[in-house]
$ cat model_11.cif   # mmCIF, C-alpha atoms
data_start
loop_
_atom_site.label_atom_id
_atom_site.label_comp_id
_atom_site.auth_asym_id
_atom_site.auth_seq_id
_atom_site.Cartn_x
_atom_site.Cartn_y
_atom_site.Cartn_z
CA MET A 1 11.37 39.63 -85.81
CA LYS A 2 11.85 38.94 -82.12
CA SER A 3 8.11 39.22 -81.49
CA ALA A 4 7.35 36.72 -84.26
CA VAL A 5 9.82 34.19 -82.79
CA PHE A 6 8.35 34.73 -79.31
CA ALA A 7 4.82 34.19 -80.62
CA SER A 8 5.80 30.96 -82.35
CA LEU A 9 7.42 29.68 -79.12
CA ILE A 10 4.23 30.44 -77.16
CA ALA A 11 2.16 28.59 -79.77
CA SER A 12 4.42 25.54 -79.62
CA VAL A 13 4.28 25.46 -75.82
CA ALA A 14 0.50 25.75 -75.89
CA ALA A 15 0.34 22.69 -78.12
CA PHE A 16 1.75 20.59 -75.26
CA ALA A 17 -0.53 22.01 -72.60
CA PRO A 18 -2.92 19.42 -71.06
CA SER A 19 -6.43 19.53 -72.48
CA GLN A 20 -9.54 20.04 -70.35
CA ASN A 21 -11.05 16.67 -71.37
CA GLY A 22 -9.67 15.09 -68.22
CA ALA A 23 -11.79 17.35 -66.07
CA SER A 24 -14.98 16.47 -67.93
CA LYS A 25 -14.13 12.77 -67.74
CA SER A 26 -13.57 13.11 -64.00
CA THR A 27 -16.91 14.85 -63.63
CA ALA A 28 -18.63 12.06 -65.58
CA LEU A 29 -17.01 9.42 -63.36
CA ASN A 30 -18.12 11.26 -60.23
CA ALA A 31 -21.69 11.76 -61.47
CA GLU A 32 -24.60 10.20 -59.58
CA LYS A 33 -24.92 6.49 -60.32
CA SER A 34 -28.05 4.43 -60.86
CA PRO A 35 -28.85 2.35 -57.73
CA ALA A 36 -30.18 -0.44 -59.98
CA VAL A 37 -27.15 -0.48 -62.30
CA PRO A 38 -24.31 1.06 -60.25
CA PHE A 39 -21.82 1.28 -63.11
CA LEU A 40 -24.14 3.50 -65.19
CA PRO A 41 -25.04 7.14 -64.58
CA TYR A 42 -28.42 7.93 -63.05
CA PRO A 43 -31.07 8.61 -65.74
CA ALA A 44 -31.84 12.26 -64.96
CA ASN A 45 -35.34 12.23 -66.48
CA LEU A 46 -36.57 9.75 -63.85
CA LYS A 47 -36.23 12.38 -61.12
CA GLY A 48 -39.54 13.38 -59.58
CA TYR A 49 -41.44 10.24 -60.61
CA THR A 50 -42.64 7.60 -58.15
CA GLY A 51 -39.98 4.90 -57.92
CA ASP A 52 -37.13 7.21 -58.93
CA ASP A 53 -35.06 5.78 -56.05
CA ILE A 54 -34.36 2.72 -58.22
CA GLY A 55 -33.17 4.57 -61.31
CA PHE A 56 -33.49 1.66 -63.73
CA ASP A 57 -33.23 2.78 -67.35
CA PRO A 58 -30.03 1.21 -68.72
CA LEU A 59 -31.03 1.84 -72.35
CA ARG A 60 -31.79 5.52 -71.56
CA VAL A 61 -35.22 5.26 -73.15
CA SER A 62 -36.32 8.23 -71.04
CA ASP A 63 -33.88 10.41 -72.98
CA PHE A 64 -35.93 9.96 -76.16
CA ILE A 65 -39.54 9.34 -75.07
CA PRO A 66 -41.54 11.60 -72.70
CA MET A 67 -41.53 10.25 -69.14
CA ASP A 68 -45.27 10.82 -68.75
CA TYR A 69 -45.88 8.47 -71.69
CA LEU A 70 -43.46 5.87 -70.31
CA ARG A 71 -45.10 5.98 -66.89
CA GLU A 72 -48.56 5.72 -68.48
CA SER A 73 -47.41 2.60 -70.34
CA GLU A 74 -45.83 1.06 -67.27
CA LEU A 75 -48.94 1.60 -65.15
CA LYS A 76 -51.21 0.19 -67.85
CA HIS A 77 -49.09 -2.92 -68.38
CA GLY A 78 -48.67 -3.40 -64.64
CA ARG A 79 -52.41 -3.20 -64.00
CA ILE A 80 -53.20 -5.58 -66.86
CA ALA A 81 -50.52 -8.00 -65.67
CA GLN A 82 -51.97 -8.03 -62.14
CA LEU A 83 -55.39 -8.95 -63.54
CA ALA A 84 -53.81 -11.40 -65.97
CA ILE A 85 -51.82 -13.41 -63.43
CA VAL A 86 -54.87 -13.71 -61.16
CA GLY A 87 -57.04 -14.78 -64.10
CA TYR A 88 -54.42 -17.22 -65.41
CA ILE A 89 -54.17 -18.97 -62.06
CA ALA A 90 -57.95 -18.91 -61.49
CA VAL A 91 -58.67 -20.66 -64.81
CA ASP A 92 -56.06 -23.32 -64.09
CA GLN A 93 -57.72 -23.81 -60.70
CA GLY A 94 -61.06 -24.62 -62.37
CA LEU A 95 -62.76 -21.26 -62.96
CA VAL A 96 -64.73 -21.23 -66.24
CA VAL A 97 -65.28 -17.69 -67.56
CA HIS A 98 -66.81 -18.55 -70.95
CA PRO A 99 -69.04 -21.56 -71.77
CA LEU A 100 -66.65 -22.60 -74.54
CA GLY A 101 -63.81 -22.69 -72.00
CA GLN A 102 -64.96 -25.94 -70.41
CA GLY A 103 -62.03 -28.35 -70.03
CA LEU A 104 -59.43 -25.82 -71.18
CA THR A 105 -56.36 -24.63 -69.32
CA SER A 106 -55.07 -21.08 -69.49
CA ALA A 107 -52.36 -22.17 -71.92
CA THR A 108 -54.73 -24.01 -74.28
CA ALA A 109 -57.66 -21.60 -74.08
CA HIS A 110 -56.23 -19.01 -76.46
CA ASP A 111 -56.02 -21.11 -79.63
CA ALA A 112 -59.30 -22.87 -78.93
CA LEU A 113 -61.24 -19.63 -78.35
CA VAL A 114 -59.64 -17.96 -81.38
CA LYS A 115 -61.11 -20.72 -83.56
CA GLU A 116 -64.52 -20.07 -82.01
CA GLY A 117 -64.28 -16.32 -82.66
CA VAL A 118 -64.40 -15.39 -78.98
CA MET A 119 -61.04 -13.68 -78.96
CA GLY A 120 -61.97 -11.59 -81.99
CA ASN A 121 -64.92 -10.16 -80.11
CA ALA A 122 -62.70 -9.39 -77.14
CA LEU A 123 -60.25 -7.61 -79.44
CA VAL A 124 -62.98 -5.23 -80.64
CA PHE A 125 -63.80 -4.12 -77.08
CA ILE A 126 -60.11 -3.79 -76.19
CA GLY A 127 -59.60 -1.65 -79.29
CA LEU A 128 -62.49 0.63 -78.35
CA PHE A 129 -61.10 1.06 -74.85
CA GLU A 130 -57.67 1.91 -76.27
CA ILE A 131 -59.16 4.56 -78.57
CA VAL A 132 -61.06 6.22 -75.72
CA SER A 133 -58.13 6.05 -73.30
CA TRP A 134 -55.79 7.60 -75.87
CA LEU A 135 -57.79 10.84 -75.70
CA GLY A 136 -56.67 11.29 -72.10
CA VAL A 137 -53.09 10.33 -72.91
CA ALA A 138 -52.92 12.77 -75.83
CA GLU A 139 -54.20 15.61 -73.65
CA MET A 140 -51.65 14.71 -70.97
CA LEU A 141 -48.80 14.89 -73.49
CA GLN A 142 -50.05 18.32 -74.53
CA GLY A 143 -49.79 19.63 -70.97
CA SER A 144 -53.29 19.15 -69.55
CA GLY A 145 -51.88 18.37 -66.10
CA ARG A 146 -53.40 14.88 -66.00
CA ALA A 147 -51.25 12.46 -64.00
CA PRO A 148 -50.06 9.35 -65.89
CA GLY A 149 -52.47 6.45 -65.40
CA ASP A 150 -55.19 8.62 -63.85
CA PHE A 151 -58.62 7.66 -65.25
CA GLY A 152 -60.54 8.83 -62.20
CA PHE A 153 -61.16 5.30 -60.90
CA GLY A 154 -60.56 4.40 -57.27
CA THR A 155 -59.85 7.96 -56.14
CA GLY A 156 -62.16 7.41 -53.18
CA PHE A 157 -59.48 5.24 -51.57
CA LEU A 158 -57.22 8.30 -51.37
CA LYS A 159 -59.65 10.49 -49.44
CA GLY A 160 -58.45 11.41 -45.96
CA LYS A 161 -54.90 10.18 -46.64
CA SER A 162 -51.78 12.28 -46.27
CA GLU A 163 -49.40 13.03 -49.15
CA ALA A 164 -46.95 10.50 -47.73
CA GLN A 165 -49.62 7.78 -47.61
CA ILE A 166 -50.74 8.54 -51.17
CA GLU A 167 -47.13 8.43 -52.38
CA LYS A 168 -46.69 5.07 -50.64
CA LEU A 169 -49.79 3.67 -52.39
CA LYS A 170 -48.48 4.87 -55.75
CA TYR A 171 -45.12 3.27 -55.01
CA GLN A 172 -46.80 -0.02 -54.09
CA GLU A 173 -48.81 0.03 -57.32
CA ILE A 174 -45.65 0.46 -59.39
CA MET A 175 -43.81 -2.31 -57.53
CA ASN A 176 -46.76 -4.74 -57.63
CA GLY A 177 -47.24 -4.04 -61.33
CA ARG A 178 -43.60 -4.79 -62.09
CA LEU A 179 -43.77 -7.99 -60.05
CA ALA A 180 -46.98 -9.03 -61.82
CA MET A 181 -45.40 -8.51 -65.26
CA MET A 182 -42.54 -10.82 -64.30
CA ALA A 183 -44.90 -13.32 -62.66
CA PHE A 184 -47.23 -13.52 -65.67
CA SER A 185 -44.32 -13.95 -68.08
CA GLY A 186 -42.90 -16.74 -65.94
CA ALA A 187 -46.23 -18.52 -65.46
CA VAL A 188 -47.02 -18.52 -69.18
CA THR A 189 -43.53 -19.70 -70.09
CA GLN A 190 -43.55 -22.52 -67.54
CA SER A 191 -47.07 -23.71 -68.36
CA VAL A 192 -46.34 -23.84 -72.11
CA LEU A 193 -42.86 -25.35 -71.90
CA TYR A 194 -43.77 -28.04 -69.36
CA ASP A 195 -47.50 -28.43 -70.09
CA CYS A 196 -48.33 -27.99 -66.41
CA GLY A 197 -50.80 -26.06 -64.31
CA PHE A 198 -50.51 -24.03 -61.15
CA PRO A 199 -47.98 -23.64 -59.48
CA TYR A 200 -46.18 -24.07 -62.85
CA THR A 201 -43.18 -25.93 -61.44
CA GLY A 202 -43.06 -28.55 -64.19
#
$ encode --input "model_11.cif" --output "structure tokens"
Amino acid sequence: MKSAVFASLIASVAAFAPSQNGASKSTALNAEKSPAVPFLPYPANLKGYTGDDIGFDPLRVSDFIPMDYLRESELKHGRIAQLAIVGYIAVDQGLVVHPLGQGLTSATAHDALVKEGVMGNALVFIGLFEIVSWLGVAEMLQGSGRAPGDFGFGTGFLKGKSEAQIEKLKYQEIMNGRLAMMAFSGAVTQSVLYDCGFPYTG
């Protein structure tokens, strides 16, 4: 009888013992923070990728989608945006790429060339390029060892350079691509909203 009473007392005391949740909460609060968004934890899957010093992934997309695929997408969009912003400005400065583009601005060229069927032709070639490039991406996702964004172009520029110099070039490409994506978005928005050309100040 005494042992049963003693056991029940121990059980009741244990019910008031502090839980261990506080320790885990403290650990979470002390975890490494994202330099880009200091009130959020650092996205762990960004470690080891060029530009990981910024740690920007507030939606934690890298927790659900392979980082190699995300980096491939970022490099592709960054490269296209760099070409796009240069082309957008060049056309507004008077460059005529297609005979049917005479007298058109970058903002008005799209609709006009769609009516002429020019953009449809361009879409076919873009689609073919996407199909071919996906073969490399698919192999990369299956562990081929291919680096994201590596299509074998421009590798001659890396010859004779140290690892630090190559890493710097990769970092510059990422940063310039991100800047170009913002620049192209801003230029298109300004030119359409205010019907103005370069420098798109309205």
$ residues_around --input "model_11.cif" --residues "Ser191 (chain A)" --least-positions-apart "5" --cutoff "9 Å" --atoms "only C-alpha atoms" --output "PyMOL selection string"
chain A and resi 106-107+186+196-202
$ atom_distance --input "model_11.cif" --atom1 "CA of Leu70 (chain A)" --atom2 "CA of Pro148 (chain A)"
8.7 Å
$ resolve_selection --input "model_11.cif" --expression "the PyMOL selection byres ((chain A and resi 105) around 10)" --output "PyMOL selection string"
chain A and resi 88-96+101-104+106-110+191+195-197
$ resolve_selection --input "model_11.cif" --expression "the PyMOL selection byres ((chain A and resi 174-183) around 6)" --output "number ranges by chain"
A: 78-79, 81-82, 171-173, 184-186
$ atom_distance --input "model_11.cif" --atom1 "CA of Phe151 (chain A)" --atom2 "CA of Val188 (chain A)"
28.9 Å
$ atom_distance --input "model_11.cif" --atom1 "CA of Arg71 (chain A)" --atom2 "CA of Phe157 (chain A)"
21.0 Å
$ closest_residue --input "model_11.cif" --among "A:Tyr69, A:Val114, A:Lys168, A:Asp53" --to "Gly143 (chain A)" --atoms "all atoms listed in the file"
A:Tyr69
$ resolve_selection --input "model_11.cif" --expression "the PyMOL selection byres ((chain A and resi 46) around 12)" --output "VMD selection string"
chain A and resid 34 41 to 45 47 to 58 60 to 63 65 to 68 70 to 71
$ decode --input "model_11.cif" --residues "region 108-150 of chain A" --atoms "N, CA and C atoms" --output "PDB file, in the first residue's frame"
ATOM      1  N   THR A 108       6.392  48.011 -77.978  1.00  0.00           N
ATOM      2  CA  THR A 108       5.343  47.801 -78.985  1.00  0.00           C
ATOM      3  C   THR A 108       5.683  46.677 -79.970  1.00  0.00           C
ATOM      4  N   ALA A 109       6.934  46.230 -79.960  1.00  0.00           N
ATOM      5  CA  ALA A 109       7.357  45.235 -80.946  1.00  0.00           C
ATOM      6  C   ALA A 109       6.663  43.893 -80.754  1.00  0.00           C
ATOM      7  N   HIS A 110       6.416  43.503 -79.523  1.00  0.00           N
ATOM      8  CA  HIS A 110       5.863  42.167 -79.267  1.00  0.00           C
ATOM      9  C   HIS A 110       4.550  41.940 -79.993  1.00  0.00           C
ATOM     10  N   ASP A 111       3.550  42.788 -79.721  1.00  0.00           N
ATOM     11  CA  ASP A 111       2.221  42.584 -80.319  1.00  0.00           C
ATOM     12  C   ASP A 111       2.269  42.672 -81.838  1.00  0.00           C
ATOM     13  N   ALA A 112       3.062  43.621 -82.334  1.00  0.00           N
ATOM     14  CA  ALA A 112       3.144  43.798 -83.782  1.00  0.00           C
ATOM     15  C   ALA A 112       3.761  42.576 -84.459  1.00  0.00           C
ATOM     16  N   LEU A 113       4.822  42.027 -83.881  1.00  0.00           N
ATOM     17  CA  LEU A 113       5.497  40.882 -84.485  1.00  0.00           C
ATOM     18  C   LEU A 113       4.730  39.579 -84.270  1.00  0.00           C
ATOM     19  N   VAL A 114       3.906  39.519 -83.234  1.00  0.00           N
ATOM     20  CA  VAL A 114       3.031  38.350 -83.058  1.00  0.00           C
ATOM     21  C   VAL A 114       2.032  38.272 -84.206  1.00  0.00           C
ATOM     22  N   LYS A 115       1.481  39.433 -84.575  1.00  0.00           N
ATOM     23  CA  LYS A 115       0.510  39.468 -85.684  1.00  0.00           C
ATOM     24  C   LYS A 115       1.150  39.032 -86.996  1.00  0.00           C
ATOM     25  N   GLU A 116       2.441  39.315 -87.149  1.00  0.00           N
ATOM     26  CA  GLU A 116       3.149  38.958 -88.378  1.00  0.00           C
ATOM     27  C   GLU A 116       3.671  37.518 -88.364  1.00  0.00           C
ATOM     28  N   GLY A 117       3.522  36.839 -87.235  1.00  0.00           N
ATOM     29  CA  GLY A 117       3.975  35.452 -87.126  1.00  0.00           C
ATOM     30  C   GLY A 117       5.433  35.273 -86.774  1.00  0.00           C
ATOM     31  N   VAL A 118       6.134  36.380 -86.553  1.00  0.00           N
ATOM     32  CA  VAL A 118       7.572  36.299 -86.255  1.00  0.00           C
ATOM     33  C   VAL A 118       7.815  35.642 -84.898  1.00  0.00           C
ATOM     34  N   MET A 119       7.024  36.005 -83.935  1.00  0.00           N
ATOM     35  CA  MET A 119       7.231  35.471 -82.586  1.00  0.00           C
ATOM     36  C   MET A 119       6.925  33.981 -82.521  1.00  0.00           C
ATOM     37  N   GLY A 120       5.992  33.529 -83.338  1.00  0.00           N
ATOM     38  CA  GLY A 120       5.696  32.097 -83.388  1.00  0.00           C
ATOM     39  C   GLY A 120       6.890  31.291 -83.862  1.00  0.00           C
ATOM     40  N   ASN A 121       7.578  31.803 -84.860  1.00  0.00           N
ATOM     41  CA  ASN A 121       8.790  31.140 -85.351  1.00  0.00           C
ATOM     42  C   ASN A 121       9.865  31.094 -84.268  1.00  0.00           C
ATOM     43  N   ALA A 122      10.000  32.209 -83.556  1.00  0.00           N
ATOM     44  CA  ALA A 122      10.997  32.261 -82.478  1.00  0.00           C
ATOM     45  C   ALA A 122      10.663  31.245 -81.394  1.00  0.00           C
ATOM     46  N   LEU A 123       9.376  31.079 -81.122  1.00  0.00           N
ATOM     47  CA  LEU A 123       8.943  30.141 -80.082  1.00  0.00           C
ATOM     48  C   LEU A 123       9.335  28.705 -80.420  1.00  0.00           C
ATOM     49  N   VAL A 124       9.277  28.352 -81.694  1.00  0.00           N
ATOM     50  CA  VAL A 124       9.660  27.001 -82.129  1.00  0.00           C
ATOM     51  C   VAL A 124      11.125  26.741 -81.805  1.00  0.00           C
ATOM     52  N   PHE A 125      12.003  27.686 -82.129  1.00  0.00           N
ATOM     53  CA  PHE A 125      13.434  27.501 -81.875  1.00  0.00           C
ATOM     54  C   PHE A 125      13.734  27.484 -80.376  1.00  0.00           C
ATOM     55  N   ILE A 126      13.028  28.331 -79.625  1.00  0.00           N
ATOM     56  CA  ILE A 126      13.212  28.331 -78.170  1.00  0.00           C
ATOM     57  C   ILE A 126      12.779  26.984 -77.586  1.00  0.00           C
ATOM     58  N   GLY A 127      11.667  26.455 -78.087  1.00  0.00           N
ATOM     59  CA  GLY A 127      11.195  25.159 -77.620  1.00  0.00           C
ATOM     60  C   GLY A 127      12.184  24.044 -77.900  1.00  0.00           C
ATOM     61  N   LEU A 128      12.795  24.059 -79.090  1.00  0.00           N
ATOM     62  CA  LEU A 128      13.789  23.047 -79.438  1.00  0.00           C
ATOM     63  C   LEU A 128      15.008  23.134 -78.520  1.00  0.00           C
ATOM     64  N   PHE A 129      15.428  24.365 -78.247  1.00  0.00           N
ATOM     65  CA  PHE A 129      16.573  24.546 -77.350  1.00  0.00           C
ATOM     66  C   PHE A 129      16.249  24.026 -75.955  1.00  0.00           C
ATOM     67  N   GLU A 130      15.028  24.282 -75.483  1.00  0.00           N
ATOM     68  CA  GLU A 130      14.620  23.816 -74.154  1.00  0.00           C
ATOM     69  C   GLU A 130      14.622  22.297 -74.081  1.00  0.00           C
ATOM     70  N   ILE A 131      14.151  21.645 -75.142  1.00  0.00           N
ATOM     71  CA  ILE A 131      14.112  20.178 -75.167  1.00  0.00           C
ATOM     72  C   ILE A 131      15.523  19.608 -75.083  1.00  0.00           C
ATOM     73  N   VAL A 132      16.432  20.170 -75.878  1.00  0.00           N
ATOM     74  CA  VAL A 132      17.815  19.681 -75.889  1.00  0.00           C
ATOM     75  C   VAL A 132      18.499  19.951 -74.547  1.00  0.00           C
ATOM     76  N   SER A 133      18.293  21.142 -74.013  1.00  0.00           N
ATOM     77  CA  SER A 133      18.963  21.490 -72.752  1.00  0.00           C
ATOM     78  C   SER A 133      18.441  20.656 -71.591  1.00  0.00           C
ATOM     79  N   TRP A 134      17.186  20.218 -71.678  1.00  0.00           N
ATOM     80  CA  TRP A 134      16.617  19.424 -70.582  1.00  0.00           C
ATOM     81  C   TRP A 134      17.333  18.090 -70.436  1.00  0.00           C
ATOM     82  N   LEU A 135      17.911  17.568 -71.514  1.00  0.00           N
ATOM     83  CA  LEU A 135      18.639  16.303 -71.426  1.00  0.00           C
ATOM     84  C   LEU A 135      19.786  16.420 -70.429  1.00  0.00           C
ATOM     85  N   GLY A 136      20.514  17.541 -70.502  1.00  0.00           N
ATOM     86  CA  GLY A 136      21.604  17.772 -69.560  1.00  0.00           C
ATOM     87  C   GLY A 136      21.112  17.966 -68.143  1.00  0.00           C
ATOM     88  N   VAL A 137      19.999  18.678 -67.994  1.00  0.00           N
ATOM     89  CA  VAL A 137      19.434  18.925 -66.665  1.00  0.00           C
ATOM     90  C   VAL A 137      18.962  17.614 -66.035  1.00  0.00           C
ATOM     91  N   ALA A 138      18.297  16.778 -66.821  1.00  0.00           N
ATOM     92  CA  ALA A 138      17.796  15.503 -66.314  1.00  0.00           C
ATOM     93  C   ALA A 138      18.946  14.617 -65.846  1.00  0.00           C
ATOM     94  N   GLU A 139      20.026  14.587 -66.624  1.00  0.00           N
ATOM     95  CA  GLU A 139      21.187  13.790 -66.225  1.00  0.00           C
ATOM     96  C   GLU A 139      21.812  14.337 -64.941  1.00  0.00           C
ATOM     97  N   MET A 140      21.842  15.664 -64.815  1.00  0.00           N
ATOM     98  CA  MET A 140      22.386  16.285 -63.611  1.00  0.00           C
ATOM     99  C   MET A 140      21.581  15.868 -62.381  1.00  0.00           C
ATOM    100  N   LEU A 141      20.253  15.889 -62.498  1.00  0.00           N
ATOM    101  CA  LEU A 141      19.392  15.528 -61.372  1.00  0.00           C
ATOM    102  C   LEU A 141      19.501  14.052 -61.013  1.00  0.00           C
ATOM    103  N   GLN A 142      20.018  13.256 -61.943  1.00  0.00           N
ATOM    104  CA  GLN A 142      20.207  11.828 -61.681  1.00  0.00           C
ATOM    105  C   GLN A 142      21.620  11.520 -61.201  1.00  0.00           C
ATOM    106  N   GLY A 143      22.415  12.570 -60.959  1.00  0.00           N
ATOM    107  CA  GLY A 143      23.739  12.375 -60.371  1.00  0.00           C
ATOM    108  C   GLY A 143      24.882  12.246 -61.342  1.00  0.00           C
ATOM    109  N   SER A 144      24.780  12.873 -62.508  1.00  0.00           N
ATOM    110  CA  SER A 144      25.850  12.762 -63.510  1.00  0.00           C
ATOM    111  C   SER A 144      27.108  13.539 -63.115  1.00  0.00           C
ATOM    112  N   GLY A 145      26.978  14.472 -62.180  1.00  0.00           N
ATOM    113  CA  GLY A 145      28.116  15.295 -61.778  1.00  0.00           C
ATOM    114  C   GLY A 145      28.214  16.605 -62.535  1.00  0.00           C
ATOM    115  N   ARG A 146      27.322  16.820 -63.493  1.00  0.00           N
ATOM    116  CA  ARG A 146      27.303  18.078 -64.248  1.00  0.00           C
ATOM    117  C   ARG A 146      26.965  19.230 -63.307  1.00  0.00           C
ATOM    118  N   ALA A 147      27.713  20.317 -63.422  1.00  0.00           N
ATOM    119  CA  ALA A 147      27.439  21.501 -62.606  1.00  0.00           C
ATOM    120  C   ALA A 147      26.237  22.246 -63.171  1.00  0.00           C
ATOM    121  N   PRO A 148      25.376  22.805 -62.310  1.00  0.00           N
ATOM    122  CA  PRO A 148      24.226  23.567 -62.807  1.00  0.00           C
ATOM    123  C   PRO A 148      24.648  24.681 -63.761  1.00  0.00           C
ATOM    124  N   GLY A 149      23.975  24.782 -64.890  1.00  0.00           N
ATOM    125  CA  GLY A 149      24.250  25.844 -65.849  1.00  0.00           C
ATOM    126  C   GLY A 149      25.426  25.586 -66.765  1.00  0.00           C
ATOM    127  N   ASP A 150      26.071  24.430 -66.644  1.00  0.00           N
ATOM    128  CA  ASP A 150      27.272  24.150 -67.434  1.00  0.00           C
ATOM    129  C   ASP A 150      26.895  23.465 -68.748  1.00  0.00           C
TER     130      ASP A 150
END
